[in-house]
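Text of the file run.tsv, holding TSV, C-alpha atoms:
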```tsv
chain	number	residue	atom	x	y	z
Y	692	MET	CA	-50.63	111.68	22.79
Y	693	ALA	CA	-47.30	109.88	22.48
Y	694	TRP	CA	-44.59	111.67	20.56
Y	695	ASN	CA	-44.06	108.82	18.16
Y	696	GLU	CA	-47.69	108.19	17.28
Y	697	PRO	CA	-48.95	109.30	13.88
Y	698	GLY	CA	-50.42	112.76	14.00
Y	699	GLY	CA	-48.66	113.61	17.23
Y	700	ASN	CA	-46.07	116.32	17.85
Y	701	ASN	CA	-42.71	116.04	16.22
Y	702	ASN	CA	-40.67	116.51	19.39
Y	703	ASP	CA	-39.00	113.51	21.04
Y	704	PRO	CA	-38.56	113.26	24.86
Y	705	TRP	CA	-35.26	115.12	24.63
Y	706	GLY	CA	-36.75	118.09	22.80
Y	707	ASN	CA	-35.49	117.20	19.32
Y	708	LYS	CA	-37.58	117.43	16.27
Y	709	LYS	CA	-38.79	114.11	14.99
Y	710	ASN	CA	-37.43	113.17	11.64
Y	711	ASP	CA	-40.34	111.64	9.86
Y	712	SER	CA	-38.17	110.49	7.09
Y	713	GLY	CA	-36.13	107.99	9.18
Y	714	PRO	CA	-35.17	106.68	12.64
Y	715	PRO	CA	-33.97	109.08	15.37
Y	716	ASP	CA	-30.34	110.16	15.39
Y	717	LEU	CA	-28.57	108.20	18.18
Y	718	ASP	CA	-25.74	110.71	18.41
Y	719	GLU	CA	-28.23	113.44	19.06
Y	720	VAL	CA	-29.91	111.36	21.74
Y	721	PHE	CA	-26.60	110.75	23.57
Y	722	ARG	CA	-25.67	114.43	23.34
Y	723	ASN	CA	-28.97	115.41	24.94
Y	724	LEU	CA	-28.42	112.86	27.71
Y	725	GLN	CA	-24.92	114.20	28.35
Y	726	LYS	CA	-26.36	117.69	28.52
Y	727	LYS	CA	-28.81	116.68	31.26
Y	728	LEU	CA	-26.07	114.97	33.28
Y	729	GLU	CA	-23.90	118.07	32.95
Y	730	GLY	CA	-26.65	120.23	34.38
Y	731	LEU	CA	-27.13	117.74	37.23
Y	732	PHE	CA	-23.44	117.69	38.32
Y	733	GLY	CA	-22.57	121.33	37.58
Y	734	GLY	CA	-20.83	120.97	34.18
Y	735	LYS	CA	-20.68	123.82	31.62
Y	736	ARG	CA	-22.09	123.77	28.18
Y	737	ALA	CA	-19.86	124.87	25.33
Y	738	GLY	CA	-20.60	128.34	24.06
Y	739	SER	CA	-22.66	129.30	27.11
Y	740	GLY	CA	-19.74	130.98	28.90
Y	741	SER	CA	-17.89	134.19	28.16
Y	742	GLY	CA	-17.57	133.51	24.49
Y	743	SER	CA	-14.74	131.00	24.47
Y	744	GLY	CA	-15.93	127.63	23.23
Y	745	SER	CA	-14.32	124.54	22.05
Y	746	GLY	CA	-17.40	123.08	20.42
Y	747	GLY	CA	-18.71	123.63	16.96
Y	748	SER	CA	-21.53	125.86	15.90
Y	749	GLY	CA	-23.91	122.94	16.29
Y	750	GLY	CA	-23.95	123.38	20.14
Y	751	GLY	CA	-21.49	120.61	21.11
Y	752	PHE	CA	-20.90	119.58	24.81
Y	753	GLN	CA	-17.73	119.35	26.81
Y	754	PHE	CA	-16.98	116.63	29.47
Y	755	PRO	CA	-18.22	117.61	32.96
Y	756	GLY	CA	-15.86	119.91	34.75
Y	757	LYS	CA	-14.05	119.60	38.10
Y	758	ILE	CA	-17.15	119.89	40.23
Y	759	GLY	CA	-18.96	117.23	38.27
Y	760	SER	CA	-16.11	114.72	38.64
Y	761	VAL	CA	-16.00	115.20	42.42
Y	762	GLY	CA	-19.74	114.68	42.64
Y	763	LEU	CA	-19.54	111.44	40.71
Y	764	MET	CA	-16.71	110.19	42.92
Y	765	ALA	CA	-18.64	111.11	46.09
Y	766	VAL	CA	-21.74	109.32	44.93
Y	767	GLY	CA	-19.70	106.31	43.92
Y	768	LEU	CA	-17.91	106.30	47.25
Y	769	ILE	CA	-21.17	106.50	49.19
Y	770	LEU	CA	-22.68	103.72	47.17
Y	771	GLY	CA	-19.56	101.60	47.69
Y	772	VAL	CA	-19.63	102.14	51.45
Y	773	LEU	CA	-23.31	101.28	51.62
Y	774	TRP	CA	-22.66	98.16	49.55
Y	775	LEU	CA	-19.87	97.06	51.89
Y	776	LEU	CA	-21.97	97.79	54.98
Y	777	SER	CA	-24.75	95.63	53.60
Y	778	GLY	CA	-22.44	92.65	54.15
Y	779	ILE	CA	-22.62	93.00	57.96
Y	780	TYR	CA	-24.97	90.53	59.68
Y	781	ILE	CA	-25.51	89.21	63.23
Y	782	ILE	CA	-26.20	85.57	64.11
Y	783	GLN	CA	-28.27	84.88	67.25
Y	784	PRO	CA	-27.15	82.28	69.85
Y	785	ALA	CA	-29.63	79.67	68.64
Y	786	GLU	CA	-28.72	80.18	64.98
Y	787	ARG	CA	-25.95	79.43	62.52
Y	788	GLY	CA	-25.21	81.32	59.32
Y	789	VAL	CA	-24.62	79.35	56.12
Y	790	ILE	CA	-22.60	81.35	53.54
Y	791	THR	CA	-22.73	80.58	49.80
Y	792	GLN	CA	-20.74	82.25	47.07
Y	793	PHE	CA	-22.43	82.25	43.68
Y	794	GLY	CA	-24.56	79.37	44.98
Y	795	ARG	CA	-21.65	77.25	46.26
Y	796	TYR	CA	-21.26	76.53	49.99
Y	797	VAL	CA	-18.36	78.43	51.60
Y	798	LYS	CA	-18.62	78.20	55.40
Y	799	THR	CA	-20.89	78.14	58.45
Y	800	THR	CA	-20.63	81.06	60.88
Y	801	SER	CA	-21.19	80.91	64.64
Y	802	PRO	CA	-23.30	83.31	66.76
Y	803	GLY	CA	-22.15	86.93	66.83
Y	804	PRO	CA	-21.47	89.74	64.32
Y	805	HIS	CA	-19.92	88.82	60.97
Y	806	TRP	CA	-19.21	90.27	57.55
Y	807	ARG	CA	-19.54	88.73	54.10
Y	808	ILE	CA	-19.05	89.92	50.59
Y	809	PRO	CA	-22.39	91.57	49.83
Y	810	TRP	CA	-24.89	90.46	47.27
Y	811	PRO	CA	-24.68	89.30	44.56
Y	812	VAL	CA	-21.31	87.71	45.36
Y	813	GLN	CA	-22.21	85.97	48.62
Y	814	LYS	CA	-25.50	85.10	50.30
Y	815	PHE	CA	-26.26	83.69	53.72
Y	816	GLN	CA	-29.12	81.78	55.35
Y	817	ARG	CA	-30.05	81.70	59.01
Y	818	VAL	CA	-30.64	78.21	60.40
Y	819	ASN	CA	-32.01	77.59	63.91
Y	820	VAL	CA	-30.06	74.65	65.34
Y	821	ASP	CA	-31.70	74.67	68.80
Y	822	GLN	CA	-35.28	74.39	67.63
Y	823	ASN	CA	-36.87	71.08	68.59
Y	824	ARG	CA	-38.51	69.69	65.46
Y	825	SER	CA	-40.63	66.57	65.08
Y	826	VAL	CA	-42.25	64.30	62.54
Y	827	GLU	CA	-45.07	61.82	63.20
Y	828	LEU	CA	-46.10	58.54	61.67
Y	829	ARG	CA	-49.68	57.49	62.41
Y	830	GLN	CA	-51.50	54.19	62.08
Y	831	GLN	CA	-48.63	52.11	60.79
Y	832	ASP	CA	-49.70	48.49	60.28
Y	833	ILE	CA	-46.57	46.42	60.84
Y	834	LEU	CA	-46.03	42.66	60.73
Y	835	THR	CA	-44.33	41.19	63.82
Y	836	ARG	CA	-41.96	38.24	64.14
Y	837	ASP	CA	-44.78	35.82	65.05
Y	838	GLU	CA	-46.74	36.94	61.95
Y	839	ASN	CA	-49.21	39.15	63.79
Y	840	ILE	CA	-50.10	42.73	62.94
Y	841	VAL	CA	-49.77	45.67	65.30
Y	842	VAL	CA	-50.91	49.25	64.76
Y	843	VAL	CA	-48.20	51.72	65.83
Y	844	ASP	CA	-48.11	55.52	66.19
Y	845	ILE	CA	-44.71	57.16	66.62
Y	846	ALA	CA	-43.18	60.63	66.90
Y	847	VAL	CA	-39.54	61.45	66.20
Y	848	ASN	CA	-37.99	64.57	67.77
Y	849	TYR	CA	-34.81	65.97	66.25
Y	850	ILE	CA	-32.54	69.00	65.96
Y	851	LEU	CA	-30.06	70.10	63.31
Y	852	SER	CA	-26.51	68.97	63.97
Y	853	ASP	CA	-24.97	70.42	60.79
Y	854	PRO	CA	-26.85	73.22	58.96
Y	855	ALA	CA	-24.80	72.89	55.77
Y	856	GLU	CA	-25.50	69.16	55.47
Y	857	TYR	CA	-29.18	69.76	56.24
Y	858	LEU	CA	-29.47	72.39	53.46
Y	859	PHE	CA	-27.34	70.89	50.70
Y	860	ASN	CA	-26.78	67.12	51.14
Y	861	VAL	CA	-30.41	65.98	51.08
Y	862	ALA	CA	-33.12	67.42	48.86
Y	863	SER	CA	-35.97	66.95	51.41
Y	864	PRO	CA	-34.56	66.24	54.89
Y	865	ASP	CA	-37.96	65.87	56.58
Y	866	VAL	CA	-39.16	63.38	53.97
Y	867	THR	CA	-35.89	61.50	54.30
Y	868	LEU	CA	-36.36	61.35	58.08
Y	869	ARG	CA	-39.88	59.96	57.66
Y	870	HIS	CA	-38.67	57.22	55.35
Y	871	ALA	CA	-35.76	56.36	57.66
Y	872	ALA	CA	-38.07	56.21	60.70
Y	873	GLU	CA	-40.60	54.00	58.95
Y	874	SER	CA	-37.90	51.65	57.66
Y	875	ALA	CA	-36.20	51.35	61.06
Y	876	LEU	CA	-39.54	50.79	62.81
Y	877	ARG	CA	-40.59	48.02	60.44
Y	878	GLU	CA	-37.22	46.34	60.79
Y	879	THR	CA	-37.28	46.43	64.60
Y	880	VAL	CA	-40.92	45.36	65.00
Y	881	GLY	CA	-40.43	42.63	62.41
Y	882	GLN	CA	-37.80	41.06	64.67
Y	883	THR	CA	-39.96	41.29	67.83
Y	884	LEU	CA	-42.86	39.20	69.12
Y	885	MET	CA	-46.26	40.82	69.29
Y	886	ASP	CA	-46.62	40.39	73.06
Y	887	THR	CA	-43.29	42.14	73.57
Y	888	VAL	CA	-44.35	45.07	71.38
Y	889	LEU	CA	-47.64	45.48	73.24
Y	890	THR	CA	-46.32	45.09	76.80
Y	891	GLU	CA	-42.96	45.24	78.49
Y	892	GLY	CA	-40.70	45.45	75.42
Y	893	ARG	CA	-41.76	48.89	74.21
Y	894	GLU	CA	-38.89	50.80	75.82
Y	895	VAL	CA	-36.26	48.50	74.34
Y	896	LEU	CA	-38.02	48.71	70.98
Y	897	ALA	CA	-37.91	52.52	71.06
Y	898	VAL	CA	-34.19	52.60	71.87
Y	899	GLU	CA	-33.28	50.17	69.09
Y	900	THR	CA	-35.40	52.04	66.53
Y	901	GLN	CA	-33.85	55.40	67.44
Y	902	GLU	CA	-30.34	53.99	66.98
Y	903	LYS	CA	-31.22	52.62	63.53
Y	904	ILE	CA	-32.78	55.92	62.44
Y	905	GLN	CA	-29.69	57.83	63.51
Y	906	GLN	CA	-27.42	55.40	61.71
Y	907	THR	CA	-29.37	55.87	58.47
Y	908	LEU	CA	-29.28	59.68	58.75
Y	909	ASP	CA	-25.54	59.61	59.41
Y	910	ASP	CA	-25.00	57.49	56.33
Y	911	TYR	CA	-26.89	60.07	54.26
Y	912	LYS	CA	-25.09	62.96	56.04
Y	913	ALA	CA	-28.43	64.66	56.52
Y	914	GLY	CA	-27.23	66.94	59.33
Y	915	ILE	CA	-29.99	65.70	61.69
Y	916	ARG	CA	-29.62	64.37	65.22
Y	917	VAL	CA	-32.55	62.40	66.69
Y	918	THR	CA	-33.17	63.47	70.29
Y	919	ALA	CA	-36.13	61.22	71.14
Y	920	PHE	CA	-38.18	58.42	69.67
Y	921	ASN	CA	-41.67	58.21	71.20
Y	922	LEU	CA	-43.72	55.08	70.69
Y	923	LYS	CA	-47.02	56.84	71.31
Y	924	SER	CA	-49.21	53.76	70.98
Y	925	ALA	CA	-48.93	50.12	70.02
Y	926	GLU	CA	-52.03	47.98	69.95
Y	927	ALA	CA	-53.62	45.10	68.17
Y	928	PRO	CA	-56.00	45.62	65.25
Y	929	ALA	CA	-59.58	46.48	66.11
Y	930	GLU	CA	-60.82	42.97	65.25
Y	931	VAL	CA	-58.81	41.31	68.04
Y	932	LYS	CA	-58.27	44.27	70.35
Y	933	LYS	CA	-60.71	43.08	73.05
Y	934	ALA	CA	-58.95	39.75	73.49
Y	935	PHE	CA	-55.57	41.40	73.70
Y	936	ASP	CA	-56.89	43.91	76.22
Y	937	ASP	CA	-57.90	41.01	78.47
Y	938	VAL	CA	-54.41	39.56	78.17
Y	939	VAL	CA	-52.81	42.88	79.01
Y	940	LYS	CA	-55.12	43.31	82.02
Y	941	ALA	CA	-54.23	39.84	83.32
Y	942	ARG	CA	-50.54	40.65	83.07
Y	943	GLU	CA	-51.06	43.93	84.85
Y	944	ASP	CA	-52.87	42.09	87.67
Y	945	GLN	CA	-50.00	39.63	87.85
Y	946	GLN	CA	-47.51	42.44	88.16
Y	947	ARG	CA	-49.66	44.13	90.81
Y	948	PHE	CA	-49.77	40.95	92.91
Y	949	ILE	CA	-46.02	40.60	92.58
Y	950	ASN	CA	-45.53	44.17	93.75
Y	951	GLU	CA	-47.86	43.67	96.73
Y	952	SER	CA	-46.00	40.49	97.73
Y	953	GLU	CA	-42.68	42.23	97.51
Y	954	ALA	CA	-44.02	45.11	99.62
Y	955	TYR	CA	-45.22	42.66	102.29
Y	956	ARG	CA	-41.87	40.87	102.24
Y	957	ASN	CA	-40.02	44.14	102.54
Y	958	GLY	CA	-42.14	44.99	105.58
Y	959	VAL	CA	-41.85	41.63	107.40
Y	960	LEU	CA	-38.20	40.81	106.84
Y	961	PRO	CA	-36.75	43.97	108.43
Y	962	GLU	CA	-38.99	43.51	111.49
Y	963	ALA	CA	-37.93	39.88	111.88
Y	964	ARG	CA	-34.28	40.82	111.46
Y	965	GLY	CA	-34.70	43.48	114.15
Y	966	GLU	CA	-36.26	41.01	116.58
Y	967	ALA	CA	-33.47	38.53	115.89
Y	968	VAL	CA	-30.89	41.18	116.68
Y	969	VAL	CA	-32.65	41.97	119.98
Y	970	VAL	CA	-32.73	38.29	120.97
Y	971	LEU	CA	-29.07	37.87	120.11
Y	972	GLU	CA	-28.13	40.91	122.16
Y	973	GLN	CA	-30.14	39.65	125.13
Y	974	ALA	CA	-28.47	36.24	124.85
Y	975	ARG	CA	-25.04	37.85	124.75
Y	976	ALA	CA	-25.92	39.95	127.82
Y	977	TYR	CA	-27.16	36.88	129.71
Y	978	GLU	CA	-24.06	35.00	128.71
Y	979	SER	CA	-21.83	37.77	130.00
Y	980	GLU	CA	-23.81	37.96	133.24
Y	981	VAL	CA	-23.62	34.21	133.92
Y	982	VAL	CA	-19.96	33.98	133.02
Y	983	ASN	CA	-19.06	36.93	135.20
Y	984	ALA	CA	-21.08	35.54	138.11
Y	985	ALA	CA	-19.43	32.14	137.75
Y	986	GLN	CA	-16.02	33.71	137.56
Y	987	GLY	CA	-16.81	35.75	140.70
Y	988	GLU	CA	-17.98	32.66	142.58
Y	989	ALA	CA	-14.89	30.78	141.48
Y	990	ALA	CA	-12.64	33.59	142.66
Y	991	ARG	CA	-14.53	33.73	145.97
Y	992	PHE	CA	-14.19	29.96	146.42
Y	993	GLU	CA	-10.47	30.12	145.73
Y	994	SER	CA	-10.03	32.84	148.34
Y	995	LEU	CA	-12.06	30.83	150.88
Y	996	LEU	CA	-10.02	27.77	150.06
Y	997	THR	CA	-6.86	29.68	150.82
Y	998	GLU	CA	-8.26	30.83	154.15
Y	999	TYR	CA	-9.58	27.32	154.93
Y	1000	THR	CA	-6.15	25.87	154.31
Y	1001	LYS	CA	-4.68	28.27	156.82
Y	1002	ALA	CA	-7.40	27.88	159.53
Y	1003	PRO	CA	-9.94	25.15	158.80
Y	1004	GLU	CA	-11.99	25.37	162.05
Y	1005	ILE	CA	-12.28	29.12	162.09
Y	1006	THR	CA	-13.15	29.28	158.45
Y	1007	LYS	CA	-15.78	26.56	158.82
Y	1008	GLU	CA	-17.38	28.35	161.77
Y	1009	ARG	CA	-17.34	31.68	159.91
Y	1010	LEU	CA	-19.01	30.14	156.89
Y	1011	TYR	CA	-21.66	28.55	159.06
Y	1012	ILE	CA	-22.38	31.82	160.83
Y	1013	GLU	CA	-22.60	33.73	157.53
Y	1014	SER	CA	-24.97	31.12	156.13
Y	1015	MET	CA	-27.21	31.30	159.18
Y	1016	GLU	CA	-27.22	35.08	159.01
Y	1017	SER	CA	-28.35	34.88	155.45
Y	1018	VAL	CA	-31.12	32.42	156.30
Y	1019	LEU	CA	-32.32	34.01	159.55
Y	1020	SER	CA	-32.34	37.53	158.14
Y	1021	ASN	CA	-35.34	36.52	155.99
Y	1022	SER	CA	-37.39	35.09	158.93
Y	1023	SER	CA	-39.34	36.96	161.60
Y	1024	LYS	CA	-39.33	34.14	164.21
Y	1025	VAL	CA	-36.56	31.89	165.51
Y	1026	MET	CA	-36.98	28.97	167.89
Y	1027	VAL	CA	-34.05	27.42	169.65
Y	1028	GLY	CA	-34.31	23.86	171.04
Y	1029	THR	CA	-32.73	22.92	174.40
Y	1030	GLY	CA	-32.13	19.26	173.65
Y	1031	ASP	CA	-33.81	16.03	172.76
Y	1032	SER	CA	-35.13	15.41	176.31
Y	1033	GLY	CA	-36.16	18.95	177.17
Y	1034	ASN	CA	-39.33	20.73	176.19
Y	1035	ASN	CA	-38.17	24.26	176.88
Y	1036	MET	CA	-37.90	26.57	173.85
Y	1037	MET	CA	-36.37	29.98	173.84
Y	1038	TYR	CA	-38.27	32.45	171.65
Y	1039	LEU	CA	-36.47	35.45	170.25
Y	1040	PRO	CA	-38.90	38.18	169.05
Y	1041	ILE	CA	-36.80	39.09	166.10
Y	1042	ASP	CA	-39.85	40.52	164.28
Y	1043	LYS	CA	-40.17	43.20	166.95
Y	1044	LEU	CA	-36.50	43.96	166.82
Y	1045	MET	CA	-36.49	44.20	163.04
Y	1046	GLY	CA	-39.33	46.72	163.12
Y	1047	ALA	CA	-41.40	47.10	159.99
Y	1048	GLY	CA	-39.37	44.45	158.20
Y	1049	GLY	CA	-40.97	41.77	160.39
Y	1050	ALA	CA	-44.51	42.66	159.28
Y	1051	ASN	CA	-43.75	41.78	155.67
Y	1052	ASN	CA	-42.41	38.35	156.69
Y	1053	ALA	CA	-44.93	37.46	159.45
Y	1054	GLN	CA	-46.35	34.54	157.50
Y	1055	GLN	CA	-43.02	32.76	157.17
Y	1056	ARG	CA	-42.54	29.44	158.98
Y	1057	PRO	CA	-40.24	29.30	162.07
Y	1058	ILE	CA	-36.79	27.97	161.51
Y	1059	ALA	CA	-35.29	25.46	164.00
Y	1060	LEU	CA	-31.57	25.25	164.43
Y	1061	PRO	CA	-29.92	21.83	164.09
Y	1062	SER	CA	-29.78	19.87	167.33
Y	1063	GLU	CA	-26.12	18.98	166.98
Y	1064	TYR	CA	-25.35	22.65	167.01
Y	1065	THR	CA	-27.60	23.52	169.96
Y	1066	ASN	CA	-26.69	20.44	172.06
Y	1067	SER	CA	-22.98	21.17	172.01
Y	1068	PRO	CA	-22.11	23.30	175.06
Y	1069	THR	CA	-19.37	25.07	173.19
Y	1070	ASN	CA	-21.58	25.74	170.24
Y	1071	GLN	CA	-24.46	26.82	172.49
Y	1072	SER	CA	-22.28	29.26	174.35
Y	1073	THR	CA	-20.76	30.59	171.15
Y	1074	GLN	CA	-24.19	30.90	169.55
Y	1075	ARG	CA	-25.67	32.70	172.52
Y	1076	THR	CA	-22.77	35.12	172.62
Y	1077	ASN	CA	-23.04	35.86	168.91
Y	1078	ASP	CA	-26.80	36.18	169.10
Y	1079	ASN	CA	-26.61	38.56	172.06
Y	1080	ASN	CA	-24.00	40.69	170.37
Y	1081	ARG	CA	-26.03	40.80	167.19
Y	1082	LEU	CA	-29.19	41.76	169.08
Y	1083	ARG	CA	-27.40	44.50	170.96
Y	1084	SER	CA	-26.01	45.93	167.75
Y	1085	ARG	CA	-29.44	45.92	166.07
Y	1086	GLY	CA	-31.08	47.40	169.17
Y	1087	SER	CA	-28.59	50.20	169.28
Y	1088	ASN	CA	-29.24	50.90	165.59
```
Translate the structure of the given file into C-alpha cells.
Amino acid sequence: MAWNEPGGNNNDPWGNKKNDSGPPDLDEVFRNLQKKLEGLFGGKRAGSGSGSGSGGSGGGFQFPGKIGSVGLMAVGLILGVLWLLSGIYIIQPAERGVITQFGRYVKTTSPGPHWRIPWPVQKFQRVNVDQNRSVELRQQDILTRDENIVVVDIAVNYILSDPAEYLFNVASPDVTLRHAAESALRETVGQTLMDTVLTEGREVLAVETQEKIQQTLDDYKAGIRVTAFNLKSAEAPAEVKKAFDDVVKAREDQQRFINESEAYRNGVLPEARGEAVVVLEQARAYESEVVNAAQGEAARFESLLTEYTKAPEITKERLYIESMESVLSNSSKVMVGTGDSGNNMMYLPIDKLMGAGGANNAQQRPIALPSEYTNSPTNQSTQRTNDNNRLRSRGSN
C-alpha cells in the first residue's frame, strides 16, 4: 500500500514519519536526500564520529568531505569527456554531413573524420550525394503544336549537387522536381509537331526538356542536378494508334531503303574508283613505254644519220644487210635468182643449218631476193661472200 494512502503506514520514502496534520516538511526531505548522497560519495554525518559535531541535536548534516568532492569532480569529468567524444563523426566518400546549430544551418562537411559540438548544441545529417535517384511521370496526355494529343511516359534521373539547398531551400524537393519536369515537358511538346515527337525528333525533345528542368531547379536553388531525361515512350492515343503505327512503319521502310541504297553505293563506288586507278596507271605505263621507244628510235636515227653523213655507201650497205638478216632469220628457206633469163636457182638449206629452229618455221613462204641486188656482179659477189661467212660461223657454232 502506498505510504500516502489513507490507512497506510505513516513513513514516507525517506523514512520520516508522516505528519497527518499537514504537508511534508521540505527541509526534512532535502536533509534526507543529502544524507543519501553523503553515504554514496563517502561523506560523514555529524555526530557519528568521535564525538565532535558541528550539527545540532536534531541530527544535522555536514557538506560532503574531501573524498566526496573528488568523486563528484571525477564523475563530472568523465561525463564531460564522453559528451565531447560524442561529437566525433565520420563521413563516408559518397556522403556529405550537414551541420545545424540550434536548427540553423552552419556548414557542410566533406568525407572523413570530423568533430562538432555535441547535442543539443549542434546536430548533423548524412546525405548521400552519389546516389542515383529518379522520378517518373506516366501517361501524360499533352497537346502538341499541331493540336494533336500524344501520350508520353518519362523518367528523370538526378543526384544531389548541394545537400544544404536540398534539405532547407525547398520543402519537398521530389515534388518540386515532378512539377518542374511536367511543366518543361508540356512546354517543349507544345512547341513541337506530333510527327516529330513520335519519330525522329525524340532525342532533341529530350535534350531541350532536360535543359528546361535544370534551369527551373537552379532558379529554386533546389540542390538537384539532372543527369538524364528518358523519354520512355511517346505514342498517339489508343483511338488513332493503328493509323499512326502504319505511318511510322512506312517511314521506317523508307529509311531502310535509303540505308540499303547507301550501302550499295558505298560498295560500288570504291570498286569503280579502284578500276579507274588501274586503267590510269596502265595508260601512264603505256605512255612511258611508247615515249621511251620513240626517243630511242630517234636517238638511233640521229646516230645513223651521223654515220651516213660520213660514209653514205657503207652505211647504206650495212643497213641493207642488217635488214636482210632480220628478215631472213625468221625464214627456213631462201631462194636466190640468177637473173631474168636464167632458170637456175640456188637453194640454201638454212632450215637444216638452223637446227630445231627451222622446224617451227617450216610452213613459212620462201623469200626471193630483189633482182637488182642479185643481178649486180658486185652485189652478187659481196652477197655470196657474206652468206658464206655467215654460214661458216653458224656451222662452227
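From CA of Thr799 in chain Y back to CA of Gln783 in chain Y, the distance works out to 13.3 Å.
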Set the distance at 9 Å and use only C-alpha atoms: which residues neighbour Ala925 in chain Y once local chain neighbours fewer than 4 positions away are removed? I'd like the list as a list in words.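 The contact residues come out as Val841, Val842, Val843, Asp844, Ile845, Val888, Leu889, Thr890 and Arg893 of chain Y.
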Same residues, C-alpha atoms, saved as a PDB file, in the coordinates of the input:
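The resulting selection24.pdb:
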```pdb
ATOM      1  CA  VAL Y 841     -49.770  45.670  65.300  1.00  0.00           C
ATOM      2  CA  VAL Y 842     -50.910  49.250  64.760  1.00  0.00           C
ATOM      3  CA  VAL Y 843     -48.200  51.720  65.830  1.00  0.00           C
ATOM      4  CA  ASP Y 844     -48.110  55.520  66.190  1.00  0.00           C
ATOM      5  CA  ILE Y 845     -44.710  57.160  66.620  1.00  0.00           C
ATOM      6  CA  VAL Y 888     -44.350  45.070  71.380  1.00  0.00           C
ATOM      7  CA  LEU Y 889     -47.640  45.480  73.240  1.00  0.00           C
ATOM      8  CA  THR Y 890     -46.320  45.090  76.800  1.00  0.00           C
ATOM      9  CA  ARG Y 893     -41.760  48.890  74.210  1.00  0.00           C
TER      10      ARG Y 893
END
```
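Compared by their closest atoms to Leu876 in chain Y, and using only C-alpha atoms, the residues Y:Leu775, Y:Ala855, Y:Leu960, Y:Ala897 rank with Y:Ala897 nearest.
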In Å to one decimal, how far is CA of Leu971 in chain Y from CA of Val959 in chain Y?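 Separating CA of Val959 in chain Y from CA of Leu971 in chain Y is a distance of 18.4 Å.
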Atom pair CA of Ala934 in chain Y / CA of Glu891 in chain Y: separation (Å):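 Separation of CA of Ala934 in chain Y and CA of Glu891 in chain Y: 17.6 Å.
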Kindly extract all protein, DNA and RNA residues lying within 9 Å of the coordinates (-24.2, 87.9, 51.4) given in the file, considering all atoms listed in the file, and supply them as a ChimeraX atom specification. /Y:777-780,790-792,806-816
Given the choices Y:Val981, Y:Lys933, Y:Leu922, Y:Arg947, which gets closest to Arg829 in chain Y if the distance is worked out from only C-alpha atoms? Y:Leu922
For each of Y:Leu858, Y:Ala1002, Y:Leu1010, Y:Val970, take the minimum atom-to-atom distance to Tyr796 in chain Y, counting all atoms listed in the file, then give the residue where this is smallest.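 Checking each candidate against Tyr796 in chain Y, we get Y:Leu858 as the closest.
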Leaving out Arg824 in chain Y and any residue of its chain fewer than 3 positions from it, which residues lie within 8 Å of it when counting only C-alpha atoms, given as a ChimeraX atom specification? /Y:848-850
Measuring between only C-alpha atoms, which one of Y:Thr883, Y:Gly788, Y:Ala846, Y:Gly958 shows the shortest distance to Arg869 in chain Y? Y:Ala846
